[in-house]
2 protein chains.
Amino acid sequence: MAAVNSVTDSGAGCPAIILVEPQLGENIGMAARAMANFGLSELRLVAPRDGWPNPAAVAAAAGATALLDKAKVYPSTAAAVADLHCVLATSARSRGQMKRVLAPDAAMADLALRSRAGQGTGILFGRERTGLENDDISLCDALVTFPVDPAFASLNLAQAVLLVGYEWTRASRGLALPFEANPATPPASRASLIGLFEHLEAELEAAAFYPPDKKPVMARNMRDMFHRMGPTEQDVRTWRGAIRALAELRRTRKA
Amino acid sequence: MAAVNSVTDSGAGCPAIILVEPQLGENIGMAARAMANFGLSELRLVAPRDGWPNPAAVAAAAGATALLDKAKVYPSTAAAVADLHCVLATSARSRGQMKRVLAPDAAMADLALRSRAGQGTGILFGRERTGLENDDISLCDALVTFPVDPAFASLNLAQAVLLVGYEWTRASRGLALPFEANPATPPASRASLIGLFEHLEAELEAAAFYPPDKKPVMARNMRDMFHRMGPTEQDVRTWRGAIRALAELRRTRKA
């Protein structure tokens, strides 16, 4: 897993998300929110239908407004990609042009390498209803498409941006999760586990739990259950207390 | 890449998406749409706030209404998971419980294996504002969380469902894209390419293009450019025509 890349972290060096003639401000805002979820920070808009800035975008961005404030507006797709070195086009269908077709993970792995080499990269997303035009596609190095069910292939704009952002995070930063399993108590040492097993098995033997000759296999099976459980030191203490309590109860009842 | 799994295709055998006390019908509908995008078909609702059916869900589902019609409603999370063998809980934060924490790809790889073995599986998604409660989490085998930017970690419900669906598709069906690169003409054979190279180099030599002693290295560089281009048979014909046209023009101008 790659170390966190400081260039990526600051947002410089991540691919530009380029929305070509987006129609609804709400979709622009939701796309910005999806970008922010995965650390993408550069939004470019080509001739947004309802002008810019757009209050509907702000309302839908759920707080990702810094990203909207920084968005740049361009009159044409060619102008929006002029400073970039590699541009991909998202598309839900084959376009008749001889372009490589990449899945999102392969596409973002390629952009992450280029970004580390200092290249400017970007991804085009088309109009909500009609997608990208052939002249937009012609400006691009390759197509990106999503492994959707062909019977229900329509992803909305923000969802397409979300999947690209998710794969960008995986490609550029590894799969750093926001939290790990609770580290409050460490996993039990093998010695603690063996102590627990011997305690349990001695008490079960005293309780005549094992049928004749069955103890070895039954004990191994119960040890396997505990290993699958992956107990912590605290868990071992809890079980030893529970075994003591049950054994004590049994002795009291017999007395 | 795994062959398409007919069990998965029919929707039987995919994990149930279980929304616990969802508040807005719109979010239920958008979650259904995201499920349909990635071939998930079993939606379960635990005590939806506004009752069921819900017209707002239908409006937001963008056509994924069969999935809403089939949705089952349960009075409690325990009832919704009773028939399942493995249940995961999505969570944006550590919950203080000793649960394994899985990234979406690892989580769906595990569920795909269990599904192939005939186990019933499901994934819990919490209320929009407050997520899952500790008693919901306690019903689950492990947590799933997303590699979001901790500074902007809030994924909406449908987006979380979308990422789970995307990884389910990857794990259960491989990364089958809805279309491939345009296969209209096959890639050029090596013989066609060598014919093109020799034609081009002969004409460039006749045009005195190569400085003295530079032909071998310049020819290799140009051959490399064509190899990077990955031309088709049709592309080779186009280039040979262009070279003929330019060479003819040069001869005409000299005459």
# chains A, B, ... in the order shown; residues from 1 in each chain; ligands from 1
>>> select_by_dssp(residues="stretch 25-236 of chain B", states="strand (DSSP E)", output="list in words")
Leu43, Arg44, Leu45, Val46, Lys72, Val73, Tyr74, Cys86, Val87, Leu88, Ala89, Thr90, Arg100, Val101, Leu102, Thr121, Gly122, Ile123, Leu124, Phe125, Ala142, Leu143 and Val144 of chain B
>>> write_last_selection(atoms="N, CA, C and O atoms", output="CSV table (one decimal), in the first residue's frame")
chain,number,residue,atom,x,y,z
B,43,LEU,N,-34.2,-5.8,-1.7
B,43,LEU,CA,-34.2,-4.6,-0.8
B,43,LEU,C,-35.1,-5.0,0.5
B,43,LEU,O,-36.2,-5.5,0.3
B,44,ARG,N,-34.6,-4.7,1.7
B,44,ARG,CA,-35.3,-4.9,2.9
B,44,ARG,C,-35.4,-3.6,3.6
B,44,ARG,O,-34.4,-2.9,3.7
B,45,LEU,N,-36.5,-3.3,4.2
B,45,LEU,CA,-36.7,-2.1,4.9
B,45,LEU,C,-37.1,-2.4,6.4
B,45,LEU,O,-38.1,-3.1,6.6
B,46,VAL,N,-36.4,-1.8,7.3
B,46,VAL,CA,-36.8,-2.0,8.7
B,46,VAL,C,-37.5,-0.7,9.1
B,46,VAL,O,-36.9,0.4,9.2
B,72,LYS,N,-39.2,-6.0,1.0
B,72,LYS,CA,-40.0,-6.5,2.2
B,72,LYS,C,-39.7,-5.6,3.4
B,72,LYS,O,-38.6,-5.0,3.6
B,73,VAL,N,-40.8,-5.4,4.2
B,73,VAL,CA,-40.7,-4.5,5.4
B,73,VAL,C,-40.7,-5.4,6.6
B,73,VAL,O,-41.5,-6.4,6.7
B,74,TYR,N,-39.8,-5.0,7.6
B,74,TYR,CA,-39.7,-5.8,8.8
B,74,TYR,C,-39.9,-4.8,10.0
B,74,TYR,O,-39.5,-3.6,9.9
B,86,CYS,N,-24.7,-14.4,7.1
B,86,CYS,CA,-23.6,-13.4,7.4
B,86,CYS,C,-24.2,-12.0,7.1
B,86,CYS,O,-24.8,-11.8,6.1
B,87,VAL,N,-24.0,-11.2,8.1
B,87,VAL,CA,-24.5,-9.8,8.0
B,87,VAL,C,-23.4,-8.8,8.3
B,87,VAL,O,-22.7,-8.9,9.3
B,88,LEU,N,-23.2,-7.9,7.4
B,88,LEU,CA,-22.3,-6.8,7.6
B,88,LEU,C,-23.0,-5.5,7.9
B,88,LEU,O,-24.1,-5.3,7.5
B,89,ALA,N,-22.3,-4.6,8.6
B,89,ALA,CA,-22.9,-3.3,9.0
B,89,ALA,C,-22.0,-2.2,8.4
B,89,ALA,O,-20.8,-2.2,8.6
B,90,THR,N,-22.6,-1.3,7.6
B,90,THR,CA,-21.8,-0.1,7.2
B,90,THR,C,-21.8,0.9,8.3
B,90,THR,O,-22.7,1.1,9.0
B,100,ARG,N,-14.4,-6.8,13.3
B,100,ARG,CA,-13.5,-6.6,12.2
B,100,ARG,C,-14.0,-5.4,11.4
B,100,ARG,O,-15.2,-5.2,11.3
B,101,VAL,N,-13.0,-4.7,10.8
B,101,VAL,CA,-13.4,-3.5,9.9
B,101,VAL,C,-12.9,-3.9,8.5
B,101,VAL,O,-11.7,-4.1,8.3
B,102,LEU,N,-13.8,-3.9,7.6
B,102,LEU,CA,-13.4,-4.3,6.2
B,102,LEU,C,-13.6,-3.2,5.2
B,102,LEU,O,-14.6,-2.4,5.4
B,121,THR,N,-26.8,-13.6,2.6
B,121,THR,CA,-25.9,-12.5,3.2
B,121,THR,C,-26.7,-11.2,3.1
B,121,THR,O,-27.6,-11.1,2.3
B,122,GLY,N,-26.3,-10.2,3.9
B,122,GLY,CA,-26.9,-8.9,3.9
B,122,GLY,C,-26.0,-7.9,4.4
B,122,GLY,O,-25.0,-8.1,5.1
B,123,ILE,N,-26.4,-6.6,4.1
B,123,ILE,CA,-25.6,-5.5,4.5
B,123,ILE,C,-26.6,-4.4,5.1
B,123,ILE,O,-27.5,-4.0,4.4
B,124,LEU,N,-26.3,-4.0,6.3
B,124,LEU,CA,-27.1,-3.0,7.0
B,124,LEU,C,-26.6,-1.6,6.7
B,124,LEU,O,-25.4,-1.3,6.7
B,125,PHE,N,-27.6,-0.7,6.4
B,125,PHE,CA,-27.3,0.7,6.2
B,125,PHE,C,-28.2,1.5,7.2
B,125,PHE,O,-29.4,1.2,7.3
B,142,ALA,N,-19.3,-8.2,11.0
B,142,ALA,CA,-18.1,-7.2,10.8
B,142,ALA,C,-18.7,-5.9,10.3
B,142,ALA,O,-19.8,-5.8,9.9
B,143,LEU,N,-17.8,-4.9,10.4
B,143,LEU,CA,-18.2,-3.6,9.8
B,143,LEU,C,-17.6,-3.4,8.4
B,143,LEU,O,-16.5,-3.9,8.1
B,144,VAL,N,-18.3,-2.6,7.6
B,144,VAL,CA,-17.7,-2.2,6.3
B,144,VAL,C,-17.6,-0.7,6.4
B,144,VAL,O,-18.6,0.0,6.8
>>> closest_atom_pairs(of="chain A", to="chain B", cutoff="8 Å", atoms="only C-alpha atoms", output="tab-separated table")
residue	atom	partner	partner_atom	distance
A:Ala34	CA	B:Leu155	CA	7.7
A:Ala36	CA	B:Phe152	CA	6.0
A:Asn37	CA	B:Val148	CA	5.3
A:Phe38	CA	B:Val148	CA	5.1
A:Gly39	CA	B:Asp149	CA	5.6
A:Ala92	CA	B:Pro178	CA	7.6
A:Arg93	CA	B:Phe179	CA	6.5
A:Ser94	CA	B:Phe179	CA	6.1
A:Arg95	CA	B:Asn182	CA	7.9
A:Gly96	CA	B:Asn182	CA	6.3
A:Gln97	CA	B:Asn182	CA	6.9
A:Met98	CA	B:Asn182	CA	5.8
A:Lys99	CA	B:Ala181	CA	6.3
A:Arg100	CA	B:Ala181	CA	5.5
A:Val101	CA	B:Ala181	CA	5.2
A:Ala103	CA	B:Leu177	CA	7.0
A:Thr145	CA	B:Leu177	CA	6.9
A:Phe146	CA	B:Leu177	CA	6.3
A:Pro147	CA	B:Leu177	CA	4.4
A:Val148	CA	B:Phe38	CA	5.1
A:Asp149	CA	B:Phe38	CA	5.3
A:Pro150	CA	B:Pro178	CA	6.0
A:Phe152	CA	B:Asn37	CA	5.3
A:Ala153	CA	B:Asn37	CA	5.7
A:Ser154	CA	B:Asn37	CA	6.9
A:Leu155	CA	B:Asn37	CA	6.9
A:Gln159	CA	B:Gln159	CA	6.8
A:Leu162	CA	B:Gln159	CA	7.5
A:Leu163	CA	B:Leu163	CA	7.2
A:Tyr166	CA	B:Pro147	CA	7.5
A:Thr169	CA	B:Pro147	CA	7.3
A:Arg170	CA	B:Pro147	CA	7.8
A:Leu175	CA	B:Pro147	CA	5.9
A:Ala176	CA	B:Pro147	CA	5.6
A:Leu177	CA	B:Pro147	CA	4.4
A:Pro178	CA	B:Pro150	CA	6.0
A:Phe179	CA	B:Ser94	CA	6.1
A:Glu180	CA	B:Val101	CA	6.1
A:Ala181	CA	B:Val101	CA	5.2
A:Asn182	CA	B:Met98	CA	5.8
>>> select_by_dssp(residues="stretch 9-253 of chain A", states="helix (DSSP H, G or I)", output="PyMOL selection string")
chain A and resi 9+25-37+55-60+65-70+77-81+104-116+134-137+150-152+157-173+190-206+215-229+233-253
>>> closest_residue(among="B:Cys140, B:Ala247, B:Met225, B:Ala66", to="B:Glu205", atoms="only C-alpha atoms")
B:Ala247
>>> closest_residue(among="A:His199, A:Ala56, A:Pro211, A:Gln23", to="A:Val236", atoms="only C-alpha atoms")
A:His199
>>> atom_distance(atom1="atom CA of A:Thr77", atom2="atom CA of A:Asp136")
6.4 Å
>>> residues_around(residues="A:Phe197", least_positions_apart="3", cutoff="9 Å", atoms="only C-alpha atoms", output="number ranges by chain")
A: 192-194, 200-202, 219, 222-223, 226
>>> write_last_selection(atoms="all heavy atoms", output="mmCIF file, in the first residue's frame")
data_model
loop_
_atom_site.group_PDB
_atom_site.id
_atom_site.type_symbol
_atom_site.label_atom_id
_atom_site.label_comp_id
_atom_site.auth_asym_id
_atom_site.auth_seq_id
_atom_site.Cartn_x
_atom_site.Cartn_y
_atom_site.Cartn_z
ATOM 1 N N SER A 192 -1.917 -16.758 26.873
ATOM 2 C CA SER A 192 -3.211 -16.494 27.518
ATOM 3 C C SER A 192 -4.266 -17.462 27.005
ATOM 4 O O SER A 192 -5.090 -17.963 27.774
ATOM 5 C CB SER A 192 -3.687 -15.078 27.222
ATOM 6 O OG SER A 192 -2.782 -14.136 27.708
ATOM 7 N N LEU A 193 -4.257 -17.687 25.679
ATOM 8 C CA LEU A 193 -5.245 -18.597 25.096
ATOM 9 C C LEU A 193 -5.072 -20.011 25.635
ATOM 10 O O LEU A 193 -6.043 -20.672 25.996
ATOM 11 C CB LEU A 193 -5.104 -18.612 23.570
ATOM 12 C CG LEU A 193 -5.728 -17.434 22.836
ATOM 13 C CD1 LEU A 193 -5.406 -17.524 21.344
ATOM 14 C CD2 LEU A 193 -7.243 -17.416 23.045
ATOM 15 N N ILE A 194 -3.811 -20.458 25.693
ATOM 16 C CA ILE A 194 -3.569 -21.824 26.172
ATOM 17 C C ILE A 194 -3.995 -21.942 27.629
ATOM 18 O O ILE A 194 -4.605 -22.935 28.051
ATOM 19 C CB ILE A 194 -2.097 -22.206 25.936
ATOM 20 C CG1 ILE A 194 -1.860 -22.332 24.422
ATOM 21 C CG2 ILE A 194 -1.756 -23.526 26.649
ATOM 22 C CD1 ILE A 194 -0.395 -22.427 24.024
ATOM 23 N N LEU A 200 -10.621 -24.216 30.860
ATOM 24 C CA LEU A 200 -11.921 -24.692 30.380
ATOM 25 C C LEU A 200 -11.968 -26.218 30.327
ATOM 26 O O LEU A 200 -12.933 -26.846 30.792
ATOM 27 C CB LEU A 200 -12.176 -24.106 28.987
ATOM 28 C CG LEU A 200 -13.447 -24.563 28.268
ATOM 29 C CD1 LEU A 200 -14.696 -24.156 29.058
ATOM 30 C CD2 LEU A 200 -13.507 -23.969 26.846
ATOM 31 N N GLU A 201 -10.906 -26.800 29.781
ATOM 32 C CA GLU A 201 -10.912 -28.257 29.612
ATOM 33 C C GLU A 201 -10.868 -28.967 30.968
ATOM 34 O O GLU A 201 -11.539 -30.005 31.158
ATOM 35 C CB GLU A 201 -9.740 -28.681 28.714
ATOM 36 C CG GLU A 201 -9.989 -28.258 27.261
ATOM 37 C CD GLU A 201 -8.713 -28.109 26.432
ATOM 38 O OE1 GLU A 201 -7.655 -28.609 26.849
ATOM 39 O OE2 GLU A 201 -8.791 -27.464 25.354
ATOM 40 N N ALA A 202 -10.148 -28.415 31.927
ATOM 41 C CA ALA A 202 -10.086 -29.030 33.267
ATOM 42 C C ALA A 202 -11.460 -28.982 33.934
ATOM 43 O O ALA A 202 -11.927 -29.966 34.527
ATOM 44 C CB ALA A 202 -9.042 -28.299 34.129
ATOM 45 N N ALA A 219 -11.898 -31.233 22.418
ATOM 46 C CA ALA A 219 -11.081 -30.109 22.900
ATOM 47 C C ALA A 219 -10.497 -29.347 21.703
ATOM 48 O O ALA A 219 -10.504 -28.113 21.685
ATOM 49 C CB ALA A 219 -9.981 -30.620 23.817
ATOM 50 N N MET A 222 -13.173 -27.164 20.180
ATOM 51 C CA MET A 222 -13.459 -25.942 20.935
ATOM 52 C C MET A 222 -12.304 -24.946 20.826
ATOM 53 O O MET A 222 -12.527 -23.742 20.735
ATOM 54 C CB MET A 222 -13.761 -26.276 22.396
ATOM 55 C CG MET A 222 -15.111 -26.993 22.541
ATOM 56 S SD MET A 222 -15.633 -27.169 24.274
ATOM 57 C CE MET A 222 -16.281 -25.531 24.589
ATOM 58 N N ARG A 223 -11.063 -25.455 20.817
ATOM 59 C CA ARG A 223 -9.929 -24.533 20.624
ATOM 60 C C ARG A 223 -10.044 -23.838 19.253
ATOM 61 O O ARG A 223 -9.773 -22.643 19.134
ATOM 62 C CB ARG A 223 -8.595 -25.297 20.721
ATOM 63 C CG ARG A 223 -8.265 -25.715 22.156
ATOM 64 C CD ARG A 223 -6.914 -26.417 22.253
ATOM 65 N NE ARG A 223 -6.631 -26.789 23.645
ATOM 66 C CZ ARG A 223 -5.404 -26.836 24.183
ATOM 67 N NH1 ARG A 223 -4.336 -26.562 23.433
ATOM 68 N NH2 ARG A 223 -5.237 -27.165 25.453
ATOM 69 N N PHE A 226 -12.392 -20.920 19.444
ATOM 70 C CA PHE A 226 -11.786 -19.727 20.061
ATOM 71 C C PHE A 226 -10.806 -19.049 19.105
ATOM 72 O O PHE A 226 -10.735 -17.826 19.052
ATOM 73 C CB PHE A 226 -11.108 -20.097 21.382
ATOM 74 C CG PHE A 226 -12.072 -20.165 22.534
ATOM 75 C CD1 PHE A 226 -12.593 -21.377 22.969
ATOM 76 C CD2 PHE A 226 -12.465 -18.999 23.184
ATOM 77 C CE1 PHE A 226 -13.491 -21.435 24.025
ATOM 78 C CE2 PHE A 226 -13.363 -19.045 24.244
ATOM 79 C CZ PHE A 226 -13.878 -20.258 24.678
#
>>> closest_residue(among="B:Glu233, B:Trp168, B:Gly25, B:Ser189", to="B:Ala106", atoms="only C-alpha atoms")
B:Trp168
>>> residues_around(residues="stretch 128-134 of chain B", least_positions_apart="4", cutoff="7 Å", atoms="only C-alpha atoms", output="ChimeraX atom specification")
/B:22-23,138,157
>>> write_last_selection(atoms="N, CA and C atoms", output="mmCIF file, in the first residue's frame")
data_model
loop_
_atom_site.group_PDB
_atom_site.id
_atom_site.type_symbol
_atom_site.label_atom_id
_atom_site.label_comp_id
_atom_site.auth_asym_id
_atom_site.auth_seq_id
_atom_site.Cartn_x
_atom_site.Cartn_y
_atom_site.Cartn_z
ATOM 1 N N PRO B 22 -35.083 3.970 7.449
ATOM 2 C CA PRO B 22 -34.775 5.083 6.550
ATOM 3 C C PRO B 22 -35.820 6.183 6.716
ATOM 4 N N GLN B 23 -35.379 7.426 6.585
ATOM 5 C CA GLN B 23 -36.273 8.553 6.869
ATOM 6 C C GLN B 23 -36.954 9.077 5.613
ATOM 7 N N SER B 138 -24.564 -4.989 16.784
ATOM 8 C CA SER B 138 -24.315 -6.215 17.538
ATOM 9 C C SER B 138 -24.848 -7.452 16.805
ATOM 10 N N LEU B 157 -26.902 8.024 1.724
ATOM 11 C CA LEU B 157 -27.310 6.623 1.766
ATOM 12 C C LEU B 157 -27.140 5.938 0.405
#
>>> closest_residue(among="B:Glu42, B:Ala207, B:Arg237, B:Pro212", to="B:Leu249", atoms="only C-alpha atoms")
B:Ala207
>>> closest_residue(among="B:Ala107, B:Ser115, B:Leu68, B:Gly126", to="B:Glu21", atoms="only C-alpha atoms")
B:Gly126
>>> atom_distance(atom1="atom CA of A:Ala80", atom2="atom CA of A:Ala61")
22.1 Å
>>> atom_distance(atom1="atom CA of A:Val161", atom2="atom CA of A:Gly13")
17.1 Å
>>> closest_residue(among="B:Pro53, B:Ser76, B:Val81, B:Ile28", to="B:Pro15", atoms="only C-alpha atoms")
B:Val81
